[in-house]
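Q: Input structure: upload_34.cif, which contains mmCIF, C-alpha atoms.
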```
data_structure
loop_
_atom_site.label_atom_id
_atom_site.label_comp_id
_atom_site.auth_asym_id
_atom_site.auth_seq_id
_atom_site.Cartn_x
_atom_site.Cartn_y
_atom_site.Cartn_z
CA SER J 1 21.33 -24.32 25.54
CA GLY J 2 21.76 -22.43 22.29
CA MET J 3 18.70 -20.31 23.04
CA ILE J 4 20.10 -19.48 26.49
CA VAL J 5 23.53 -18.35 25.33
CA LEU J 6 22.38 -16.52 22.19
CA PRO J 7 21.18 -13.32 23.94
CA LEU J 8 24.36 -13.26 26.04
CA CYS J 9 26.48 -13.26 22.88
CA PHE J 10 25.25 -9.76 21.99
CA MET J 11 26.29 -8.26 25.35
CA ASP J 12 29.54 -6.43 26.04
CA GLN J 13 32.04 -8.24 28.23
CA GLN J 14 31.62 -5.63 30.97
CA HIS J 15 27.97 -6.69 31.20
CA LEU J 16 29.00 -10.35 31.44
CA ALA J 17 30.93 -9.81 34.66
CA PHE J 18 28.16 -11.43 36.70
CA SER J 19 28.05 -14.61 34.61
CA SER J 20 31.85 -14.78 34.58
CA THR J 21 31.88 -14.55 38.38
CA LEU J 22 29.39 -17.43 38.53
CA SER J 23 31.68 -19.43 36.24
CA ILE J 24 34.64 -18.92 38.56
CA ALA J 25 32.51 -19.81 41.59
CA ALA J 26 31.29 -23.00 39.87
CA ASN J 27 34.86 -24.18 39.19
CA ILE J 28 35.90 -23.43 42.76
CA TYR J 29 32.86 -25.32 44.09
CA VAL J 30 33.71 -28.48 42.11
CA CYS J 31 37.32 -28.28 43.28
CA VAL J 32 36.23 -27.85 46.91
CA LEU J 33 33.81 -30.77 46.52
CA LEU J 34 36.63 -33.04 45.34
CA LEU J 35 38.84 -31.86 48.19
CA SER J 36 36.09 -32.69 50.70
CA LEU J 37 35.63 -36.14 49.15
CA PHE J 38 39.37 -36.73 49.37
CA ALA J 39 39.52 -35.58 53.01
CA SER J 40 36.52 -37.73 53.97
CA GLY J 41 38.18 -40.84 52.51
CA TRP J 42 35.59 -41.44 49.76
CA ARG J 43 37.01 -43.15 46.67
CA LYS J 44 35.32 -44.28 43.50
CA PRO J 45 35.09 -48.11 43.54
CA ALA J 46 37.90 -49.71 41.53
CA ALA J 47 36.87 -51.14 38.16
CA ASP J 48 39.76 -53.63 38.05
CA GLU J 49 43.24 -54.25 39.46
CA THR J 50 44.77 -51.38 37.46
CA ASP J 51 42.36 -48.97 39.11
CA HIS J 52 43.91 -49.33 42.57
CA ASP J 53 47.10 -47.38 41.87
CA CYS J 54 47.71 -43.80 40.74
CA CYS J 55 50.76 -43.23 38.57
CA MET J 56 52.64 -40.18 39.84
CA LEU J 57 55.43 -40.35 37.26
CA GLY J 58 55.16 -42.03 33.89
CA PHE J 59 55.56 -41.40 30.18
CA GLY J 60 53.60 -42.77 27.25
CA GLU J 61 51.25 -41.95 24.41
CA GLY J 62 48.70 -40.64 26.90
CA ASN J 63 50.97 -37.66 27.58
CA VAL J 64 50.13 -36.37 24.11
CA THR J 65 46.44 -36.53 24.97
CA MET J 66 47.11 -34.70 28.23
CA VAL J 67 48.85 -31.85 26.38
CA SER J 68 45.92 -31.53 23.96
CA ALA J 69 43.40 -31.45 26.80
CA LEU J 70 45.48 -28.85 28.64
CA MET J 71 45.68 -26.66 25.54
CA GLN J 72 41.90 -26.77 25.22
CA ALA J 73 41.67 -25.30 28.72
CA ALA J 74 44.64 -22.92 28.67
CA VAL J 75 44.81 -21.41 25.17
CA VAL J 76 43.17 -17.97 25.31
CA GLN J 77 45.22 -16.02 22.77
CA MET J 78 42.18 -15.44 20.55
CA CYS J 79 40.35 -13.71 23.43
CA ILE J 80 43.15 -11.29 24.37
CA LEU J 81 42.40 -8.43 21.95
CA PRO J 82 38.60 -8.34 22.54
CA MET J 83 39.21 -8.44 26.31
CA TYR J 84 41.76 -5.62 26.14
CA GLU J 85 39.48 -3.53 23.94
CA GLU J 86 36.67 -3.59 26.50
CA MET J 87 38.87 -3.32 29.59
CA SER J 88 38.14 -0.30 31.79
CA GLN J 89 41.09 2.12 32.07
CA ARG J 90 43.13 -0.21 29.93
CA SER J 91 46.88 -0.12 29.66
CA PRO J 92 49.42 -2.83 28.72
CA ARG J 93 50.84 -2.91 32.26
CA ARG J 94 47.41 -3.19 33.89
CA PHE J 95 46.32 -5.88 31.47
CA ALA J 96 49.55 -7.82 31.99
CA ALA J 97 48.99 -7.73 35.75
CA CYS J 98 45.46 -9.07 35.31
CA MET J 99 46.71 -11.83 33.03
CA GLY J 100 49.49 -12.78 35.43
CA PHE J 101 47.11 -13.06 38.37
CA SER J 102 44.56 -14.97 36.28
CA PHE J 103 47.06 -17.52 34.99
CA ALA J 104 48.49 -18.04 38.47
CA PHE J 105 45.00 -18.70 39.83
CA VAL J 106 44.15 -21.04 36.95
CA ALA J 107 47.42 -22.95 37.39
CA VAL J 108 46.67 -23.59 41.07
CA LEU J 109 43.08 -24.55 40.22
CA PHE J 110 44.16 -26.98 37.46
CA VAL J 111 46.84 -28.68 39.54
CA THR J 112 44.58 -29.03 42.57
CA PHE J 113 41.59 -30.23 40.59
CA SER J 114 43.43 -32.77 38.43
CA GLY J 115 45.57 -34.14 41.26
CA VAL J 116 42.76 -34.58 43.76
CA ALA J 117 40.36 -35.94 41.14
CA TYR J 118 42.97 -38.51 40.08
CA PHE J 119 43.24 -39.84 43.62
CA VAL J 120 39.51 -39.74 44.35
CA LEU J 121 38.22 -41.12 41.04
CA GLY J 122 41.19 -43.22 39.90
CA PRO J 123 42.85 -43.90 36.54
CA ARG J 124 39.55 -45.06 35.05
CA VAL J 125 37.97 -41.65 35.52
CA SER J 126 35.48 -40.67 32.84
CA SER J 127 36.47 -38.06 30.27
CA ASN J 128 33.65 -36.01 31.83
CA VAL J 129 34.64 -36.01 35.49
CA LEU J 130 31.18 -34.79 36.53
CA LEU J 131 29.75 -38.19 35.61
CA ASP J 132 31.90 -39.89 38.26
CA LEU J 133 30.89 -37.68 41.16
CA PRO J 134 28.91 -39.55 43.84
CA PRO J 135 25.11 -39.38 43.63
CA GLY J 136 23.36 -36.89 45.85
CA PRO J 137 22.59 -33.18 46.05
CA PHE J 138 26.23 -32.05 46.12
CA GLY J 139 27.16 -33.94 42.95
CA SER J 140 23.98 -32.83 41.18
CA PHE J 141 24.61 -29.23 42.14
CA ALA J 142 28.16 -29.50 40.75
CA ARG J 143 26.77 -30.58 37.37
CA VAL J 144 24.31 -27.68 37.31
CA ALA J 145 27.05 -25.27 38.41
CA MET J 146 29.37 -26.33 35.59
CA ALA J 147 26.54 -25.87 33.08
CA VAL J 148 26.30 -22.30 34.35
CA ALA J 149 30.08 -21.98 33.95
CA VAL J 150 29.87 -23.00 30.30
CA ILE J 151 27.10 -20.46 29.71
CA GLY J 152 29.29 -17.75 31.24
CA VAL J 153 32.38 -18.57 29.16
CA TYR J 154 30.66 -19.18 25.81
CA PRO J 155 29.99 -15.50 24.90
CA ILE J 156 33.61 -14.54 25.68
CA LEU J 157 34.95 -17.16 23.28
CA LEU J 158 32.40 -16.28 20.61
CA SER J 159 33.26 -12.58 20.81
CA SER J 160 36.80 -13.36 19.68
CA MET J 161 35.43 -15.17 16.63
CA VAL J 162 33.26 -12.28 15.42
CA ALA J 163 35.59 -9.46 16.52
CA PRO J 164 37.32 -9.21 13.08
CA ILE J 165 33.94 -8.85 11.37
CA LYS J 166 32.84 -6.14 13.83
CA HIS J 167 36.02 -4.16 13.27
CA GLN J 168 35.68 -4.43 9.53
CA ASP J 169 31.97 -3.61 9.15
CA GLY J 170 31.19 -1.72 12.35
CA ARG J 171 30.19 -2.76 15.86
CA HIS J 172 26.55 -3.40 14.92
CA SER J 173 27.35 -5.10 11.65
CA ARG J 174 24.60 -7.24 10.18
CA LEU J 175 27.23 -9.71 9.02
CA ALA J 176 28.53 -10.02 12.60
CA THR J 177 24.98 -10.71 13.78
CA LEU J 178 24.52 -13.41 11.15
CA ALA J 179 27.88 -14.92 12.07
CA THR J 180 26.86 -15.02 15.74
CA PHE J 181 23.62 -16.84 14.90
CA ALA J 182 25.49 -19.27 12.62
CA ILE J 183 28.13 -20.11 15.23
CA VAL J 184 25.56 -20.71 17.98
CA ILE J 185 23.39 -22.89 15.72
CA CYS J 186 26.35 -24.93 14.45
CA SER J 187 27.74 -25.51 17.93
CA ALA J 188 24.28 -26.52 19.21
CA VAL J 189 23.87 -29.03 16.37
CA ALA J 190 27.37 -30.43 16.93
CA ALA J 191 26.71 -30.77 20.67
CA SER J 192 23.48 -32.62 19.95
CA CYS J 193 25.35 -35.13 17.80
CA THR J 194 28.27 -35.68 20.20
CA SER J 195 28.33 -37.59 23.47
CA ASN J 196 32.09 -38.04 24.07
CA LEU J 197 33.11 -34.79 25.73
CA GLY J 198 36.67 -35.94 26.29
CA GLN J 199 37.36 -36.61 22.62
CA VAL J 200 35.86 -33.27 21.63
CA ASN J 201 38.12 -31.47 24.11
CA VAL J 202 41.23 -33.33 22.93
CA LEU J 203 40.56 -32.67 19.23
CA SER J 204 39.78 -29.03 19.92
CA GLY J 205 42.94 -28.64 21.99
CA ALA J 206 45.08 -30.34 19.35
CA SER J 207 43.81 -28.00 16.63
CA GLN J 208 44.39 -24.97 18.87
CA VAL J 209 48.02 -26.00 19.37
CA PHE J 210 48.65 -25.47 15.66
CA VAL J 211 46.42 -22.45 15.01
CA PHE J 212 46.97 -20.32 18.12
CA VAL J 213 50.27 -21.54 19.57
CA ALA J 214 52.23 -22.08 16.36
CA LEU J 215 50.68 -20.76 13.13
CA SER J 216 49.35 -17.36 14.25
CA PRO J 217 52.44 -16.23 16.22
CA GLY J 218 54.70 -17.76 13.57
CA LEU J 219 53.09 -15.78 10.75
CA ALA J 220 53.07 -12.65 12.91
CA GLY J 221 56.77 -13.11 13.57
CA LEU J 222 57.52 -13.57 9.88
CA PHE J 223 55.42 -10.79 8.36
CA LEU J 224 54.27 -8.27 11.00
CA LEU J 225 57.38 -7.50 13.07
CA GLY J 226 59.49 -5.86 10.40
CA GLN J 227 62.72 -7.09 8.89
CA ARG J 228 64.46 -9.72 10.99
CA GLY J 229 67.53 -11.88 10.54
CA ILE J 230 67.63 -15.35 9.04
CA ALA J 231 67.88 -16.96 12.49
CA TRP J 232 64.60 -15.34 13.52
CA LYS J 233 62.84 -16.55 10.38
CA ILE J 234 64.13 -20.08 10.90
CA CYS J 235 62.82 -20.07 14.49
CA MET J 236 59.38 -18.91 13.32
CA MET J 237 59.29 -21.62 10.66
CA LEU J 238 60.35 -24.24 13.19
CA LEU J 239 57.58 -23.05 15.51
CA ILE J 240 55.00 -23.57 12.79
CA VAL J 241 56.35 -26.98 11.79
CA ILE J 242 56.67 -28.27 15.36
CA GLY J 243 53.19 -26.97 16.22
CA PHE J 244 51.80 -28.76 13.16
CA LEU J 245 53.45 -32.05 14.16
CA VAL J 246 52.24 -31.78 17.77
CA SER J 247 48.74 -30.98 16.54
CA CYS J 248 48.74 -34.02 14.24
CA ALA J 249 49.91 -36.21 17.12
CA GLY J 250 47.10 -34.84 19.30
CA ILE J 251 44.49 -35.61 16.65
CA PHE J 252 45.85 -39.15 16.29
CA PHE J 253 46.23 -39.93 20.01
CA THR J 254 42.91 -39.21 21.72
CA ASP J 255 42.89 -41.90 24.43
CA ASN J 256 44.45 -41.86 27.91
CA PHE J 257 46.18 -45.23 27.32
CA VAL J 258 45.72 -46.20 30.97
CA GLU J 259 47.11 -49.74 30.60
CA GLU J 260 50.28 -48.50 28.91
CA LEU J 261 50.85 -45.87 31.58
CA GLN J 262 50.38 -48.35 34.39
CA ALA J 263 52.80 -50.79 32.73
CA LYS J 264 55.50 -48.13 32.27
CA CYS J 265 54.83 -46.20 35.47
CA MET J 266 57.95 -45.25 37.41
CA TRP J 267 56.17 -44.22 40.62
CA ASN J 268 52.86 -45.71 41.79
CA VAL J 269 50.81 -44.59 44.79
CA LEU J 270 47.99 -46.67 46.26
CA ARG J 271 44.56 -45.00 46.14
CA ALA J 272 43.47 -46.80 49.36
CA VAL J 273 40.28 -48.15 47.78
CA ASP J 274 38.14 -50.14 50.21
#
```
If you convert what's in this file into structure tokens, what do you get?

A:
Amino acid sequence: SGMIVLPLCFMDQQHLAFSSTLSIAANIYVCVLLLSLFASGWRKPAADETDHDCCMLGFGEGNVTMVSALMQAAVVQMCILPMYEEMSQRSPRRFAACMGFSFAFVAVLFVTFSGVAYFVLGPRVSSNVLLDLPPGPFGSFARVAMAVAVIGVYPILLSSMVAPIKHQDGRHSRLATLATFAIVICSAVAASCTSNLGQVNVLSGASQVFVFVALSPGLAGLFLLGQRGIAWKICMMLLIVIGFLVSCAGIFFTDNFVEELQAKCMWNVLRAVD
């Protein structure tokens, strides 16, 4: 996988439009597959009695894990500047319109995917939902499609990591090239040593809550926006502190806590498992 994505990491984002389109198509395909399974009445066999009901409203320690997982999928602040730099006919208004449409689409996709998958696969769903899809060509194609999606997204995320080096030493900086090789090799080694995708996503999301949601905007608000009043500085400090606490909670709570949620659930809906 590292050898596949490495050449893509040296391409401009405008040349990655094709792979990005495939990534979007792959996500839509998996969502449509789950919708078809739901409409056909297929349900993953229940593992135990707690797997018959879906909790529609409940609060517990698993909510912290949910926030961390959501942040892993939704935090894109680090990609904004590289995307804007390579945008054709760029302007703040045009970029804001693109971001608004993109986030609206992603919100609908996330809600549809998570809701339908919860009903189809149940509370005991694997942290890697692709593992719970039914056997057959459609499920196998979904797994291959999502692998393509990862390949399409990887260079975009990596470009944000090496962008500061490129701007400091030039676009074709040797240091940026070495950094690209190092990042790809390290991520490939880490992936080879890790089998729990869910835990990786939760830990990554929890760390991003502090770095990209709290620390970076907090420091920018304190030092890069000119002289502000004491109330503004207090708000920025509170943002950093609260982000740090939420991040620590996310690192500590990495499980879904299914039993606790079912015990405290305020609104259960039967999955209609045969």

Q: Please identify all polymer residues within 10 Å of J:Met236, counting all atoms listed in the file, omitting same-chain residues fewer than 3 positions from it, and present them as a VMD selection string.

A: chain J and resid 214 to 215 217 to 222 230 to 233 239 to 242

Q: Can you turn the PyMOL selection byres ((chain J and resi 198-211) around 7) into a concrete residue list for this file, as a VMD selection string?

A: chain J and resid 65 68 to 69 71 to 72 127 to 128 196 to 197 212 to 216 243 to 244 247 250 to 251 254

Q: Would you pick out the contacts of stretch 174-191 of chain J at 9 Å or less, using only C-alpha atoms, so that residues sharing its chain but fewer than 6 positions from it are not included, and give the list as a VMD selection string?

A: chain J and resid 1 to 3 5 to 6 9 to 10 158 to 159 161 to 166

Q: Please produce a file of those selected residues containing C-alpha atoms, as a PDB file, in the coordinates of the input.

A:
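To be explicit, this is the file written out as part-v5.pdb:
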```
ATOM      1  CA  SER J   1      21.330 -24.320  25.540  1.00  0.00           C
ATOM      2  CA  GLY J   2      21.760 -22.430  22.290  1.00  0.00           C
ATOM      3  CA  MET J   3      18.700 -20.310  23.040  1.00  0.00           C
ATOM      4  CA  VAL J   5      23.530 -18.350  25.330  1.00  0.00           C
ATOM      5  CA  LEU J   6      22.380 -16.520  22.190  1.00  0.00           C
ATOM      6  CA  CYS J   9      26.480 -13.260  22.880  1.00  0.00           C
ATOM      7  CA  PHE J  10      25.250  -9.760  21.990  1.00  0.00           C
ATOM      8  CA  LEU J 158      32.400 -16.280  20.610  1.00  0.00           C
ATOM      9  CA  SER J 159      33.260 -12.580  20.810  1.00  0.00           C
ATOM     10  CA  MET J 161      35.430 -15.170  16.630  1.00  0.00           C
ATOM     11  CA  VAL J 162      33.260 -12.280  15.420  1.00  0.00           C
ATOM     12  CA  ALA J 163      35.590  -9.460  16.520  1.00  0.00           C
ATOM     13  CA  PRO J 164      37.320  -9.210  13.080  1.00  0.00           C
ATOM     14  CA  ILE J 165      33.940  -8.850  11.370  1.00  0.00           C
ATOM     15  CA  LYS J 166      32.840  -6.140  13.830  1.00  0.00           C
TER      16      LYS J 166
END
```

Q: As JSON, please report the centre and edge lengths, rounded to one decimal in Å, of the axis-aligned box that holds all listed atoms of stretch 6-17 of chain J with 5 Å of padding on each of the six sides.

A:
```
{"center_x": 26.6, "center_y": -11.1, "center_z": 28.3, "size_x": 20.9, "size_y": 20.9, "size_z": 22.7}
```

Q: Which residues fall under the PyMOL selection byres ((chain J and resi 113-120) around 6) in this file, as a CSV table (one decimal) with C-alpha atoms, in the coordinates of the input?

A:
```
chain,number,residue,atom,x,y,z
J,31,CYS,CA,37.3,-28.3,43.3
J,38,PHE,CA,39.4,-36.7,49.4
J,43,ARG,CA,37.0,-43.2,46.7
J,109,LEU,CA,43.1,-24.6,40.2
J,110,PHE,CA,44.2,-27.0,37.5
J,111,VAL,CA,46.8,-28.7,39.5
J,112,THR,CA,44.6,-29.0,42.6
J,121,LEU,CA,38.2,-41.1,41.0
J,122,GLY,CA,41.2,-43.2,39.9
J,271,ARG,CA,44.6,-45.0,46.1
```

Q: As an exercise, work out the distance from atom CA of J:Tyr154 to atom CA of J:Pro135 in Å and give it to one decimal place.

A: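 A separation of 27.5 Å between them.
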
Q: Using only C-alpha atoms, which residue out of J:Met237, J:Leu130, J:Ile156, J:Val67 lies closest to J:Phe223?

A: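 Between J:Met237, J:Leu130, J:Ile156, J:Val67, the residue approaching J:Phe223 most closely is J:Met237.
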
Q: Report the distance between atom CA of J:Asn63 and atom CA of J:Leu261 in Å, rounded to one decimal place.

A: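 Going from atom CA of J:Asn63 over to atom CA of J:Leu261 covers 9.1 Å.
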
Q: Might you pull out every residue within 12 Å of J:Met83, with all atoms listed in the file counted and same-chain residues fewer than 4 positions away left off, and present them as a ChimeraX atom specification?

A: /J:12-14,16-17,76-79,87-88,90-92,95-96,98-99,155-160,163

Q: Return the single residue from J:Lys44, J:Arg228, J:Arg94, J:Arg124 that is closest to J:Asn256, with distances computed using only C-alpha atoms.

A: J:Arg124

Q: Please evaluate the PyMOL selection byres ((chain J and resi 149) around 10) against the displayed coordinates and give the resulting residues as a PyMOL selection string.

A: chain J and resi 19-27+143-148+150-154

Q: Convert the current residue selection to file output with C-alpha atoms, as a PDB file, keeping the file's coordinate frame.

A:
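Contents of result00.pdb, freshly written:
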```
ATOM      1  CA  SER J  19      28.050 -14.610  34.610  1.00  0.00           C
ATOM      2  CA  SER J  20      31.850 -14.780  34.580  1.00  0.00           C
ATOM      3  CA  THR J  21      31.880 -14.550  38.380  1.00  0.00           C
ATOM      4  CA  LEU J  22      29.390 -17.430  38.530  1.00  0.00           C
ATOM      5  CA  SER J  23      31.680 -19.430  36.240  1.00  0.00           C
ATOM      6  CA  ILE J  24      34.640 -18.920  38.560  1.00  0.00           C
ATOM      7  CA  ALA J  25      32.510 -19.810  41.590  1.00  0.00           C
ATOM      8  CA  ALA J  26      31.290 -23.000  39.870  1.00  0.00           C
ATOM      9  CA  ASN J  27      34.860 -24.180  39.190  1.00  0.00           C
ATOM     10  CA  ARG J 143      26.770 -30.580  37.370  1.00  0.00           C
ATOM     11  CA  VAL J 144      24.310 -27.680  37.310  1.00  0.00           C
ATOM     12  CA  ALA J 145      27.050 -25.270  38.410  1.00  0.00           C
ATOM     13  CA  MET J 146      29.370 -26.330  35.590  1.00  0.00           C
ATOM     14  CA  ALA J 147      26.540 -25.870  33.080  1.00  0.00           C
ATOM     15  CA  VAL J 148      26.300 -22.300  34.350  1.00  0.00           C
ATOM     16  CA  VAL J 150      29.870 -23.000  30.300  1.00  0.00           C
ATOM     17  CA  ILE J 151      27.100 -20.460  29.710  1.00  0.00           C
ATOM     18  CA  GLY J 152      29.290 -17.750  31.240  1.00  0.00           C
ATOM     19  CA  VAL J 153      32.380 -18.570  29.160  1.00  0.00           C
ATOM     20  CA  TYR J 154      30.660 -19.180  25.810  1.00  0.00           C
TER      21      TYR J 154
END
```
